[in-house]
>>> print(open('target.cif').read())   # mmCIF, C-alpha atoms and all ligand atoms
data_work
loop_
_atom_site.label_atom_id
_atom_site.label_comp_id
_atom_site.auth_asym_id
_atom_site.auth_seq_id
_atom_site.Cartn_x
_atom_site.Cartn_y
_atom_site.Cartn_z
CA MET A 407 -6.86 2.64 26.51
CA GLU A 408 -5.82 2.45 22.87
CA ILE A 409 -5.43 -1.15 21.76
CA ILE A 410 -3.35 -2.75 19.01
CA VAL A 411 -3.47 -6.37 17.87
CA GLN A 412 -0.24 -7.99 16.65
CA LYS A 413 -0.40 -11.41 15.00
CA PHE A 414 2.66 -13.61 14.55
CA GLY A 415 2.53 -16.43 12.00
CA GLY A 416 4.15 -19.85 12.32
CA THR A 417 7.61 -18.92 11.03
CA SER A 418 7.65 -15.84 13.30
CA VAL A 419 7.43 -18.01 16.45
CA ALA A 420 9.31 -21.07 15.15
CA ASP A 421 12.07 -21.11 17.78
CA ALA A 422 13.12 -19.40 21.01
CA GLY A 423 15.10 -16.68 19.20
CA LYS A 424 12.14 -15.79 17.01
CA ILE A 425 9.74 -15.73 19.94
CA ARG A 426 12.11 -13.32 21.73
CA ARG A 427 12.32 -11.12 18.65
CA ALA A 428 8.52 -11.07 18.39
CA ALA A 429 8.29 -10.33 22.11
CA ASP A 430 10.63 -7.34 21.60
CA ARG A 431 8.17 -5.85 19.13
CA VAL A 432 5.30 -6.38 21.52
CA ILE A 433 7.20 -4.75 24.38
CA LYS A 434 8.01 -1.73 22.20
CA MET A 435 4.27 -1.14 21.69
CA ALA A 436 3.41 -1.79 25.34
CA ASP A 437 6.11 0.71 26.39
CA ARG A 438 4.30 3.35 24.31
CA GLY A 439 1.32 2.90 26.61
CA LEU A 440 -0.79 0.84 24.20
CA GLY A 441 -2.78 -2.19 25.27
CA VAL A 442 -1.24 -5.02 23.26
CA VAL A 443 -3.10 -8.18 22.28
CA VAL A 444 -0.93 -10.78 20.59
CA VAL A 445 -2.31 -13.59 18.44
CA ALA A 446 0.05 -16.46 17.72
CA SER A 447 -0.05 -19.38 15.28
CA ALA A 448 1.39 -22.83 15.83
CA ARG A 449 5.18 -22.89 15.56
CA GLY A 450 6.83 -23.58 12.20
CA HIS A 451 5.22 -26.50 10.39
CA GLN A 452 3.61 -27.94 13.48
CA THR A 453 0.07 -27.90 12.10
CA ASP A 454 1.24 -29.82 9.00
CA GLN A 455 2.99 -32.32 11.26
CA LEU A 456 -0.14 -32.85 13.37
CA VAL A 457 -2.20 -33.40 10.21
CA ALA A 458 0.37 -35.95 9.01
CA ASP A 459 0.29 -37.71 12.42
CA ALA A 460 -3.48 -38.10 12.17
CA LEU A 461 -3.36 -39.31 8.56
CA GLU A 462 -0.91 -42.01 9.59
CA LEU A 463 -3.66 -43.44 11.77
CA HIS A 464 -6.76 -42.78 9.68
CA PRO A 465 -7.32 -41.92 6.00
CA ASN A 466 -10.26 -39.64 6.81
CA PRO A 467 -10.01 -38.62 10.49
CA PRO A 468 -13.11 -37.42 12.35
CA THR A 469 -13.13 -33.63 12.02
CA ARG A 470 -13.98 -33.03 15.69
CA GLU A 471 -10.86 -34.91 16.72
CA MET A 472 -8.79 -33.03 14.13
CA ASP A 473 -9.82 -29.75 15.75
CA GLN A 474 -9.04 -31.10 19.20
CA LEU A 475 -5.58 -32.08 17.90
CA LEU A 476 -4.69 -29.05 15.74
CA SER A 477 -5.67 -26.53 18.42
CA THR A 478 -2.82 -27.82 20.60
CA GLY A 479 -0.23 -26.23 18.29
CA GLU A 480 -1.44 -22.70 19.03
CA GLN A 481 -1.83 -23.48 22.73
CA GLN A 482 1.90 -24.24 22.94
CA SER A 483 2.87 -21.04 21.12
CA VAL A 484 0.88 -18.71 23.33
CA SER A 485 2.14 -20.13 26.60
CA LEU A 486 5.74 -20.02 25.33
CA PHE A 487 5.18 -16.41 24.25
CA ALA A 488 3.90 -15.51 27.73
CA ILE A 489 6.85 -17.33 29.31
CA ALA A 490 9.26 -15.34 27.09
CA LEU A 491 7.60 -12.04 28.05
CA ASP A 492 7.77 -12.93 31.73
CA ALA A 493 11.48 -13.69 31.37
CA MET A 494 11.89 -10.25 29.76
CA GLY A 495 10.27 -8.62 32.78
CA HIS A 496 6.74 -8.05 31.45
CA LYS A 497 3.44 -9.19 32.86
CA ALA A 498 1.67 -11.42 30.37
CA ILE A 499 -1.14 -13.95 30.26
CA SER A 500 -2.08 -16.42 27.53
CA PHE A 501 -5.54 -17.68 26.61
CA THR A 502 -6.92 -20.42 24.40
CA GLY A 503 -9.92 -19.70 22.18
CA SER A 504 -12.29 -21.27 24.68
CA GLN A 505 -10.94 -19.19 27.57
CA ILE A 506 -11.95 -15.98 25.80
CA ARG A 507 -15.29 -17.48 24.72
CA MET A 508 -14.50 -17.33 21.01
CA ILE A 509 -17.81 -18.91 20.06
CA THR A 510 -18.09 -20.44 16.59
CA ASP A 511 -20.55 -22.58 14.70
CA SER A 512 -20.01 -26.35 14.80
CA VAL A 513 -18.52 -26.84 11.34
CA HIS A 514 -15.33 -28.56 12.41
CA THR A 515 -12.12 -27.63 10.52
CA LYS A 516 -13.80 -24.60 8.91
CA ALA A 517 -15.84 -23.01 11.67
CA ARG A 518 -17.05 -19.41 11.52
CA ILE A 519 -16.86 -17.01 14.44
CA ILE A 520 -20.22 -16.08 15.99
CA SER A 521 -19.14 -13.99 18.97
CA ILE A 522 -16.20 -13.10 21.20
CA ASP A 523 -16.29 -12.06 24.84
CA ALA A 524 -13.71 -9.27 24.87
CA GLU A 525 -14.27 -8.47 28.57
CA ARG A 526 -11.79 -10.97 29.95
CA ILE A 527 -9.10 -9.54 27.64
CA ARG A 528 -9.96 -5.96 28.56
CA ARG A 529 -9.70 -6.68 32.28
CA GLN A 530 -6.23 -8.13 31.83
CA LEU A 531 -5.10 -5.19 29.69
CA GLU A 532 -6.35 -2.79 32.35
CA GLN A 533 -4.18 -4.62 34.89
CA GLY A 534 -1.18 -3.78 32.69
CA LYS A 535 -0.75 -7.24 31.21
CA ILE A 536 0.06 -8.18 27.64
CA VAL A 537 -2.57 -10.65 26.47
CA ILE A 538 -1.64 -13.51 24.14
CA VAL A 539 -4.46 -15.37 22.41
CA ALA A 540 -4.25 -18.67 20.53
CA GLY A 541 -5.14 -18.12 16.89
CA PHE A 542 -7.24 -20.35 14.65
CA GLN A 543 -9.51 -21.83 17.35
CA GLY A 544 -12.78 -21.42 19.15
CA ILE A 545 -15.50 -23.48 20.77
CA ASP A 546 -19.03 -24.25 19.67
CA GLU A 547 -22.06 -23.93 21.93
CA ASN A 548 -21.49 -27.48 23.21
CA GLU A 549 -17.92 -26.66 24.28
CA ASN A 550 -16.35 -28.66 21.44
CA ILE A 551 -13.08 -27.16 20.22
CA THR A 552 -13.33 -25.91 16.64
CA THR A 553 -10.80 -24.47 14.18
CA LEU A 554 -11.31 -21.78 11.58
CA GLY A 555 -9.60 -23.42 8.58
CA ARG A 556 -5.93 -23.38 7.59
CA GLY A 557 -4.44 -19.93 7.94
CA GLY A 558 -7.25 -18.98 10.33
CA SER A 559 -5.09 -17.16 12.90
CA ASP A 560 -5.33 -14.06 10.71
CA THR A 561 -9.08 -14.16 11.23
CA THR A 562 -8.70 -14.53 15.00
CA ALA A 563 -6.49 -11.43 14.99
CA VAL A 564 -8.73 -9.19 12.90
CA ALA A 565 -11.86 -10.39 14.70
CA LEU A 566 -10.26 -9.54 18.05
CA ALA A 567 -9.22 -6.13 16.71
CA ALA A 568 -12.86 -5.55 15.75
CA ALA A 569 -14.21 -6.79 19.09
CA LEU A 570 -11.77 -4.58 21.01
CA SER A 571 -12.25 -1.56 18.70
CA ALA A 572 -8.52 -1.61 17.96
CA LYS A 573 -7.63 0.76 15.16
CA LEU A 574 -4.83 -1.36 13.76
CA CYS A 575 -4.11 -5.03 13.32
CA GLU A 576 -0.52 -5.90 12.41
CA ILE A 577 0.10 -9.22 10.69
CA TYR A 578 3.75 -10.26 11.07
CA THR A 579 4.79 -12.91 8.59
CA ASP A 580 7.66 -14.27 6.49
CA VAL A 581 7.15 -11.83 3.59
CA ASP A 582 7.40 -8.07 3.96
CA GLY A 583 3.94 -7.34 2.57
CA ILE A 584 1.40 -8.22 -0.09
CA TYR A 585 2.97 -8.65 -3.53
CA THR A 586 1.39 -8.56 -6.98
CA THR A 587 1.51 -12.36 -6.76
CA ASP A 588 3.16 -15.02 -4.59
CA PRO A 589 6.85 -14.01 -4.71
CA ARG A 590 7.87 -17.60 -4.02
CA ILE A 591 6.44 -18.61 -7.43
CA TYR A 592 6.97 -15.43 -9.48
CA LYS A 593 10.28 -14.04 -8.28
CA LYS A 594 9.76 -10.73 -10.12
CA ALA A 595 6.58 -9.83 -8.17
CA VAL A 596 6.57 -6.36 -6.61
CA LYS A 597 5.29 -5.23 -3.22
CA LEU A 598 2.12 -3.14 -2.98
CA LYS A 599 2.00 -0.12 -0.65
CA GLN A 600 -1.71 -0.55 -0.14
CA ILE A 601 -4.60 -2.61 -1.41
CA SER A 602 -8.38 -2.34 -1.01
CA TYR A 603 -10.34 -4.81 1.11
CA ASP A 604 -12.30 -5.87 -1.98
CA GLU A 605 -9.21 -6.70 -3.99
CA MET A 606 -7.51 -8.45 -1.08
CA LEU A 607 -10.66 -10.43 -0.42
CA GLU A 608 -10.70 -11.64 -4.03
CA LEU A 609 -6.96 -12.44 -3.96
CA ALA A 610 -7.26 -14.30 -0.65
CA SER A 611 -10.33 -16.26 -1.76
CA LEU A 612 -8.55 -17.18 -4.99
CA GLY A 613 -5.51 -18.69 -3.33
CA ALA A 614 -3.19 -15.88 -2.12
CA GLY A 615 -2.32 -17.72 1.09
CA VAL A 616 -0.73 -14.64 2.66
CA MET A 617 -4.05 -13.69 4.34
CA HIS A 618 -7.06 -15.74 5.41
CA SER A 619 -9.99 -14.39 3.42
CA ARG A 620 -12.39 -14.16 6.37
CA ALA A 621 -9.92 -11.87 8.13
CA ILE A 622 -10.43 -9.39 5.30
CA GLU A 623 -14.22 -9.67 5.61
CA PHE A 624 -13.95 -8.73 9.29
CA GLY A 625 -11.57 -5.88 8.49
CA LYS A 626 -13.88 -4.42 5.89
CA LYS A 627 -17.00 -4.76 8.01
CA TYR A 628 -15.51 -3.26 11.17
CA ASP A 629 -13.04 -0.78 9.63
CA VAL A 630 -9.94 -2.45 10.98
CA ILE A 631 -6.84 -1.28 9.15
CA ILE A 632 -4.59 -4.27 8.50
CA HIS A 633 -0.83 -3.89 8.10
CA VAL A 634 0.87 -6.98 6.66
CA ARG A 635 4.61 -6.82 7.35
CA SER A 636 7.77 -8.76 7.99
CA SER A 637 8.61 -10.15 11.41
CA SER A 638 12.33 -10.03 10.60
CA ASP A 639 12.80 -6.38 9.64
CA ASP A 640 11.28 -3.01 10.36
CA ILE A 641 10.30 -1.72 6.92
CA ASP A 642 6.71 -0.77 6.11
CA GLY A 643 4.61 -3.54 4.66
CA THR A 644 1.24 -3.30 2.90
CA ILE A 645 -1.83 -1.55 4.27
CA ILE A 646 -5.19 -3.15 3.55
CA THR A 647 -7.83 -0.44 3.64
CA HIS A 648 -10.96 0.92 1.95
CA GLU A 649 -10.71 1.82 -1.69
CA VAL A 650 -8.86 5.04 -2.43
CA PRO A 651 -9.54 6.96 -5.65
CA GLN A 652 -6.23 6.40 -7.47
CA MET A 653 -6.68 2.64 -7.20
CA GLU A 654 -9.23 2.86 -10.05
CA GLY A 655 -6.41 3.69 -12.46
CA VAL A 656 -4.65 0.37 -11.83
CA VAL A 657 -6.31 -2.24 -14.03
CA VAL A 658 -4.82 -5.40 -12.53
CA THR A 659 -3.56 -5.29 -8.94
CA GLY A 660 -2.53 -8.89 -8.52
CA ALA A 661 -2.70 -12.48 -9.72
CA THR A 662 -3.20 -15.77 -7.92
CA ILE A 663 -3.03 -19.45 -8.40
CA GLN A 664 -5.34 -21.84 -6.58
CA ARG A 665 -4.17 -25.44 -6.72
CA ASP A 666 -5.81 -28.69 -5.74
CA MET A 667 -9.21 -27.87 -7.18
CA ALA A 668 -11.66 -30.32 -8.73
CA LYS A 669 -14.63 -29.94 -11.02
CA ILE A 670 -17.88 -31.88 -11.02
CA GLY A 671 -20.15 -31.75 -14.05
CA LEU A 672 -23.74 -32.98 -14.08
CA ILE A 673 -24.61 -33.71 -17.69
CA GLY A 674 -28.14 -33.81 -19.04
CA VAL A 675 -30.08 -32.74 -15.96
CA ASP A 676 -33.84 -32.25 -16.46
CA ASN A 677 -34.41 -28.59 -17.33
CA VAL A 678 -37.20 -27.96 -14.81
CA PRO A 679 -37.58 -25.56 -11.86
CA GLY A 680 -35.95 -26.67 -8.61
CA ASN A 681 -33.21 -29.02 -9.83
CA ALA A 682 -30.29 -26.66 -9.21
CA ALA A 683 -31.75 -25.89 -5.79
CA LYS A 684 -31.87 -29.62 -4.97
CA VAL A 685 -28.25 -30.18 -6.01
CA PHE A 686 -26.90 -27.28 -3.96
CA ALA A 687 -29.07 -28.10 -0.95
CA HIS A 688 -27.43 -31.54 -0.92
CA LEU A 689 -23.96 -30.04 -1.24
CA ALA A 690 -24.68 -27.56 1.53
CA LYS A 691 -25.89 -30.37 3.79
CA ALA A 692 -22.56 -32.11 3.14
CA LYS A 693 -20.81 -28.79 4.09
CA VAL A 694 -19.11 -28.54 0.71
CA VAL A 695 -17.91 -25.07 -0.26
CA VAL A 696 -18.74 -24.52 -3.93
CA HIS A 697 -17.04 -22.08 -6.34
CA ASP A 698 -17.74 -21.02 -9.89
CA ILE A 699 -21.09 -22.56 -10.75
CA ILE A 700 -21.92 -22.74 -14.46
CA GLN A 701 -25.27 -23.92 -15.82
CA THR A 702 -26.11 -23.99 -19.52
CA GLU A 703 -29.27 -25.06 -21.28
CA VAL A 704 -28.38 -27.63 -23.96
CA SER A 705 -31.93 -28.25 -25.21
CA PRO A 706 -35.40 -27.23 -24.05
CA GLU A 707 -35.45 -30.43 -21.94
CA LYS A 708 -31.90 -30.70 -20.66
CA ALA A 709 -29.21 -28.60 -18.96
CA ASN A 710 -25.57 -29.16 -17.93
CA LEU A 711 -24.48 -27.99 -14.52
CA SER A 712 -20.88 -27.81 -13.34
CA PHE A 713 -19.06 -26.36 -10.35
CA MET A 714 -15.58 -26.26 -8.81
CA ILE A 715 -14.63 -27.37 -5.30
CA GLY A 716 -11.48 -27.69 -3.23
CA GLY A 717 -9.81 -31.11 -3.59
CA SER A 718 -10.44 -31.90 0.10
CA ASP A 719 -14.21 -31.65 -0.45
CA LEU A 720 -14.22 -34.02 -3.44
CA LEU A 721 -15.28 -37.18 -1.58
CA ALA A 722 -18.17 -35.47 0.19
CA ALA A 723 -19.26 -33.71 -3.02
CA LYS A 724 -19.20 -36.93 -5.06
CA GLU A 725 -21.36 -38.68 -2.49
CA ALA A 726 -23.80 -35.76 -2.42
CA VAL A 727 -24.29 -35.67 -6.21
CA GLU A 728 -24.56 -39.48 -6.47
CA GLU A 729 -27.40 -39.33 -3.95
CA ILE A 730 -29.34 -36.74 -5.96
CA LYS A 731 -28.51 -38.07 -9.47
CA GLY A 732 -31.73 -40.09 -9.91
CA GLU A 733 -34.01 -37.41 -8.57
CA ILE A 734 -32.85 -34.80 -11.10
CA ASN A 735 -32.63 -37.35 -13.93
CA CYS A 736 -28.95 -36.62 -14.55
CA GLN A 737 -27.56 -38.66 -17.48
CA ASN A 738 -23.93 -38.59 -16.50
CA ILE A 739 -21.60 -37.23 -13.82
CA PHE A 740 -18.04 -36.32 -14.70
CA VAL A 741 -15.30 -35.49 -12.26
CA ARG A 742 -12.02 -33.77 -13.05
CA GLU A 743 -9.26 -33.61 -10.50
CA ASP A 744 -5.90 -31.85 -10.59
CA ILE A 745 -7.19 -28.48 -11.71
CA ALA A 746 -5.64 -25.15 -10.81
CA GLU A 747 -7.26 -21.78 -11.26
CA VAL A 748 -5.22 -18.78 -12.33
CA SER A 749 -6.87 -15.39 -11.70
CA VAL A 750 -6.22 -11.70 -12.16
CA VAL A 751 -7.83 -9.17 -9.82
CA GLY A 752 -8.21 -5.39 -9.93
CA VAL A 753 -10.90 -2.82 -9.15
CA GLY A 754 -9.79 -0.94 -12.28
CA MET A 755 -11.28 -3.71 -14.44
CA ARG A 756 -14.68 -2.17 -13.80
CA SER A 757 -13.82 0.68 -16.13
CA HIS A 758 -11.26 -0.82 -18.54
CA TYR A 759 -11.71 -3.10 -21.52
CA GLY A 760 -9.28 -5.61 -23.01
CA VAL A 761 -8.37 -7.42 -19.79
CA ALA A 762 -9.92 -10.74 -20.85
CA GLU A 763 -8.30 -10.51 -24.28
CA LYS A 764 -4.87 -9.94 -22.74
CA MET A 765 -5.23 -12.81 -20.28
CA PHE A 766 -6.47 -15.36 -22.82
CA GLY A 767 -3.80 -14.21 -25.29
CA ALA A 768 -1.03 -14.72 -22.72
CA LEU A 769 -2.26 -18.24 -21.93
CA ALA A 770 -2.56 -19.09 -25.63
CA GLU A 771 0.98 -17.93 -26.28
CA ALA A 772 2.23 -20.06 -23.37
CA LYS A 773 0.29 -23.02 -24.89
CA VAL A 774 -1.83 -23.43 -21.77
CA ASN A 775 -5.29 -24.79 -22.48
CA ILE A 776 -8.16 -23.04 -20.66
CA ASP A 777 -10.66 -25.51 -19.23
CA SER A 778 -13.26 -23.01 -18.05
CA ILE A 779 -13.54 -19.28 -17.48
CA THR A 780 -15.35 -17.36 -14.75
CA THR A 781 -15.50 -13.64 -14.10
CA SER A 782 -16.72 -11.12 -11.55
CA GLU A 783 -16.67 -7.35 -11.74
CA ILE A 784 -13.09 -7.26 -10.50
CA ARG A 785 -11.59 -10.62 -11.51
CA ILE A 786 -11.11 -13.11 -14.34
CA SER A 787 -10.28 -16.74 -13.54
CA CYS A 788 -9.22 -19.53 -15.88
CA ALA A 789 -9.11 -23.18 -14.85
CA VAL A 790 -6.05 -24.98 -16.21
CA ASN A 791 -4.28 -28.32 -15.74
CA GLU A 792 -2.51 -28.31 -12.39
CA ASP A 793 0.82 -29.27 -13.98
CA GLN A 794 0.69 -26.06 -16.03
CA ALA A 795 -0.16 -23.82 -13.08
CA ASP A 796 3.22 -22.12 -12.60
CA LYS A 797 3.67 -21.55 -16.33
CA ALA A 798 0.17 -20.06 -16.56
CA LEU A 799 0.79 -17.71 -13.64
CA GLU A 800 4.09 -16.54 -15.07
CA ALA A 801 2.58 -15.85 -18.50
CA VAL A 802 -0.27 -13.86 -17.00
CA CYS A 803 2.01 -11.87 -14.66
CA ASP A 804 4.33 -10.99 -17.56
CA ALA A 805 1.38 -9.91 -19.73
CA PHE A 806 0.02 -7.56 -17.06
CA GLU A 807 3.53 -6.37 -16.10
CA LEU A 808 3.09 -7.45 -12.50
CA ASP A 809 6.88 -7.23 -12.19
CA LYS A 810 6.61 -3.42 -12.24
CA PRO A 811 5.00 -0.91 -9.91
CA ALA A 812 1.65 0.26 -11.34
CA ASN A 813 2.92 3.70 -12.38
CA LEU A 814 5.60 2.16 -14.63
CA ARG A 815 3.29 -0.14 -16.59
CA LYS A 816 2.22 0.59 -20.15
CA PRO A 817 -1.20 2.26 -20.24
P1 LIG B 901 2.11 -17.13 8.27
O1 LIG B 901 2.58 -18.45 8.78
O2 LIG B 901 2.91 -15.99 8.80
O3 LIG B 901 0.64 -16.92 8.42
P2 LIG B 901 1.73 -17.81 5.48
O4 LIG B 901 2.61 -18.90 4.96
O5 LIG B 901 0.34 -18.17 5.83
O6 LIG B 901 2.47 -17.13 6.72
O7 LIG B 901 1.68 -16.59 4.43
C1 LIG B 901 2.86 -16.05 3.92
C2 LIG B 901 3.17 -16.65 2.55
O8 LIG B 901 2.13 -16.29 1.63
C3 LIG B 901 4.41 -16.10 1.89
O9 LIG B 901 5.56 -16.81 2.27
C4 LIG B 901 4.12 -16.24 0.39
O10 LIG B 901 4.77 -17.33 -0.21
C5 LIG B 901 2.63 -16.49 0.32
N1 LIG B 901 1.92 -15.59 -0.61
C6 LIG B 901 0.97 -15.99 -1.50
N2 LIG B 901 0.53 -14.96 -2.22
C7 LIG B 901 1.20 -13.86 -1.79
C8 LIG B 901 1.18 -12.48 -2.16
N3 LIG B 901 0.34 -12.02 -3.11
N4 LIG B 901 1.99 -11.62 -1.50
C9 LIG B 901 2.81 -12.08 -0.53
N5 LIG B 901 2.88 -13.38 -0.14
C10 LIG B 901 2.09 -14.27 -0.76
N1 LIG B 902 -1.68 -23.06 12.48
C1 LIG B 902 -2.76 -22.95 11.54
C2 LIG B 902 -2.30 -23.34 10.14
O1 LIG B 902 -1.14 -23.70 9.96
C3 LIG B 902 -3.39 -21.57 11.55
C4 LIG B 902 -2.51 -20.44 11.07
O2 LIG B 902 -1.30 -20.59 10.95
O3 LIG B 902 -3.06 -19.37 10.80
O4 LIG B 902 -3.08 -23.32 9.25
MG MG B 903 -1.01 -17.58 7.31
#
>>> encode(input="target.cif", output="structure tokens", more="lines below")
Ligand code: ADP
Ligand code: ASP
Ligand code: MG
Amino acid sequence: MEIIVQKFGGTSVADAGKIRRAADRVIKMADRGLGVVVVASARGHQTDQLVADALELHPNPPTREMDQLLSTGEQQSVSLFAIALDAMGHKAISFTGSQIRMITDSVHTKARIISIDAERIRRQLEQGKIVIVAGFQGIDENENITTLGRGGSDTTAVALAAALSAKLCEIYTDVDGIYTTDPRIYKKAVKLKQISYDEMLELASLGAGVMHSRAIEFGKKYDVIIHVRSSSDDIDGTIITHEVPQMEGVVVTGATIQRDMAKIGLIGVDNVPGNAAKVFAHLAKAKVVVHDIIQTEVSPEKANLSFMIGGSDLLAAKEAVEEIKGEINCQNIFVREDIAEVSVVGVGMRSHYGVAEKMFGALAEAKVNIDSITTSEIRISCAVNEDQADKALEAVCDAFELDKPANLRKP
């Protein structure tokens, strides 16, 4: 049986009318003889509301209990979806993450999938049922409920598509595809017909909230074609796929802004083997995700080491570096909050020059100060003050003509 996975985001299941509209799409596929697996997110802003409820009771809630709480949002959506399908005359069954043995590691609030038992889903599909799975959640080996990080239902969907050898995973959301940048911030952004996994992975990791980055990793590894499209109309969205030759000609495919970042600098660390390893071992133990590490030698004896982290990891990171400060003979620790990172991404950068010059020039003209710069083969990122984030993004998008389709941009 050919299988398709259809994922519906929070706004696409926000009320009864929207659930019915989503169910219509599912039925259309099932009527074509396909096995349909639906993944649903929590309705509307429910996850945000649950987070707020917890924060009202505790400034730093235990992460295990957060997962226990947040997973309930998706559990409601999937049962309501199955109830809607039943009312529309279709056999359906909903499952939580634990019921399909979505096994993850034990890193609460940002767990990674280890394995999925697709057999239970297959059996239900073979009985002619539509299967609805709660996104964003799993269980660890001790049966604790875990969640995959905000936006993680995308990853549930693509991982299920991989486990079921589905050829296509459709992501239904509140935009009609992937744009050159977030169209809510830069109104002139244009929609892309297709984008490579590598570029989408960079964009997603750098703050393009439209897709969870680990979903793209699964897609690339298991050859799942991902179609990001609108849940409210029928037009084609954006296909995320392997690189195709003409993509090389496009220098910059998209731009992103990542807010709520922080930077920690360790000044005057002893310049001896093993110190960087010690620092990052401590951060790893504290489960801090680190971005953009920069180390520079300032004298034969001393080095400065800095790195960026998400704002939510700041407390844990500060504690970790304070613990190790003495051991590495660090003279001073500085912390900067309220940083945003603006980035441009494109596989074409590999073979074009002048991208850095254009980006820095655009920021200079907009009078945005660059705090630090990091690059990879297919991206350039500049850290800026968070209050200048929108202005920085706009300047960069204008400079790279991200308001025009690639074929209409100046060479
Ligand atoms: P869902 O609840 O369906 O998962 P999300 O809110 O997670 O939806 O993702 C959709 C949102 O992603 C859009 O409303 C848009 O503002 C934002 N977004 C950020 N970057 C992009 C981009 N490059 N293209 C399209 N949407 C983007
Ligand atoms: N409900 C979760 C969130 O809001 C997961 C998701 O929507 O993908 O982050
Ligand atoms: Mg999302």
>>> closest_residue(input="target.cif", among="A:Ile670, A:Ile663, A:Ala572, A:Val411", to="ligand LIG 901 (chain B)", atoms="all atoms listed in the file")
A:Ile663
>>> closest_atom_pairs(input="target.cif", of="region 440-543 of chain A", to="region 616-622 of chain A", cutoff="12 Å", atoms="only C-alpha atoms", output="JSON lines")
{"residue": "A:Lys516", "atom": "CA", "partner": "A:Arg620", "partner_atom": "CA", "distance": 10.8}
{"residue": "A:Ala517", "atom": "CA", "partner": "A:Arg620", "partner_atom": "CA", "distance": 10.9}
{"residue": "A:Arg518", "atom": "CA", "partner": "A:Arg620", "partner_atom": "CA", "distance": 8.7}
{"residue": "A:Ile519", "atom": "CA", "partner": "A:Arg620", "partner_atom": "CA", "distance": 9.7}
{"residue": "A:Gly541", "atom": "CA", "partner": "A:Ala621", "partner_atom": "CA", "distance": 11.8}
{"residue": "A:Phe542", "atom": "CA", "partner": "A:His618", "partner_atom": "CA", "distance": 10.3}
>>> closest_residue(input="target.cif", among="A:Lys597, A:Arg529, A:Lys573, A:His514", to="ligand LIG 901 (chain B)", atoms="only C-alpha atoms and all ligand atoms")
A:Lys597
>>> residues_near_point(input="target.cif", point="(-16.9, -1.0, 7.3)", cutoff="12 Å", atoms="all atoms listed in the file", output="PDB file with C-alpha atoms, in the coordinates of the input")
ATOM      1  CA  ALA A 568     -12.860  -5.550  15.750  1.00  0.00           C
ATOM      2  CA  SER A 602      -8.380  -2.340  -1.010  1.00  0.00           C
ATOM      3  CA  TYR A 603     -10.340  -4.810   1.110  1.00  0.00           C
ATOM      4  CA  ASP A 604     -12.300  -5.870  -1.980  1.00  0.00           C
ATOM      5  CA  ILE A 622     -10.430  -9.390   5.300  1.00  0.00           C
ATOM      6  CA  GLU A 623     -14.220  -9.670   5.610  1.00  0.00           C
ATOM      7  CA  PHE A 624     -13.950  -8.730   9.290  1.00  0.00           C
ATOM      8  CA  GLY A 625     -11.570  -5.880   8.490  1.00  0.00           C
ATOM      9  CA  LYS A 626     -13.880  -4.420   5.890  1.00  0.00           C
ATOM     10  CA  LYS A 627     -17.000  -4.760   8.010  1.00  0.00           C
ATOM     11  CA  TYR A 628     -15.510  -3.260  11.170  1.00  0.00           C
ATOM     12  CA  ASP A 629     -13.040  -0.780   9.630  1.00  0.00           C
ATOM     13  CA  VAL A 630      -9.940  -2.450  10.980  1.00  0.00           C
ATOM     14  CA  ILE A 631      -6.840  -1.280   9.150  1.00  0.00           C
ATOM     15  CA  THR A 647      -7.830  -0.440   3.640  1.00  0.00           C
ATOM     16  CA  HIS A 648     -10.960   0.920   1.950  1.00  0.00           C
ATOM     17  CA  GLU A 649     -10.710   1.820  -1.690  1.00  0.00           C
TER      18      GLU A 649
END
>>> residues_near_ligand(input="target.cif", ligand="ligand LIG 902 (chain B)", cutoff="9 Å", atoms="all atoms listed in the file", output="MDAnalysis selection string")
chainID A and resid 414:416 446:454 476:477 479:480 541:543 553:562 617:618
>>> atom_distance(input="target.cif", atom1="CA of Arg426 (chain A)", atom2="CA of Ala488 (chain A)")
10.4 Å
>>> closest_residue(input="target.cif", among="A:Val704, A:Ile536, A:Val751, A:Ile591", to="ligand LIG 901 (chain B)", atoms="only C-alpha atoms and all ligand atoms")
A:Ile591
>>> closest_residue(input="target.cif", among="A:Glu525, A:Glu462, A:Glu549, A:Glu576", to="ligand LIG 901 (chain B)", atoms="all atoms listed in the file")
A:Glu576
>>> residues_around(input="target.cif", residues="Gly717 (chain A)", least_positions_apart="3", cutoff="8 Å", atoms="all atoms listed in the file", output="ChimeraX atom specification")
/A:666-668,720,743
>>> residues_near_ligand(input="target.cif", ligand="ligand LIG 901 (chain B)", cutoff="6 Å", atoms="only C-alpha atoms and all ligand atoms", output="list in words")
Gly415, Gly416, Thr417, Gly557, Thr579, Asp580, Val581, Gly583, Ile584, Tyr585, Thr586, Thr587, Asp588, Pro589, Arg590, Ala614, Gly615 and Val616 of chain A
>>> closest_residue(input="target.cif", among="A:Asp582, A:Asp744, A:Asp430, A:Asp796", to="Leu491 (chain A)", atoms="all atoms listed in the file")
A:Asp430
>>> residues_around(input="target.cif", residues="Asn735 (chain A)", least_positions_apart="5", cutoff="10 Å", atoms="only C-alpha atoms", output="PyMOL selection string")
chain A and resi 672-677+681+708+730
>>> atom_distance(input="target.cif", atom1="CA of Leu711 (chain A)", atom2="CA of Ala762 (chain A)")
23.4 Å
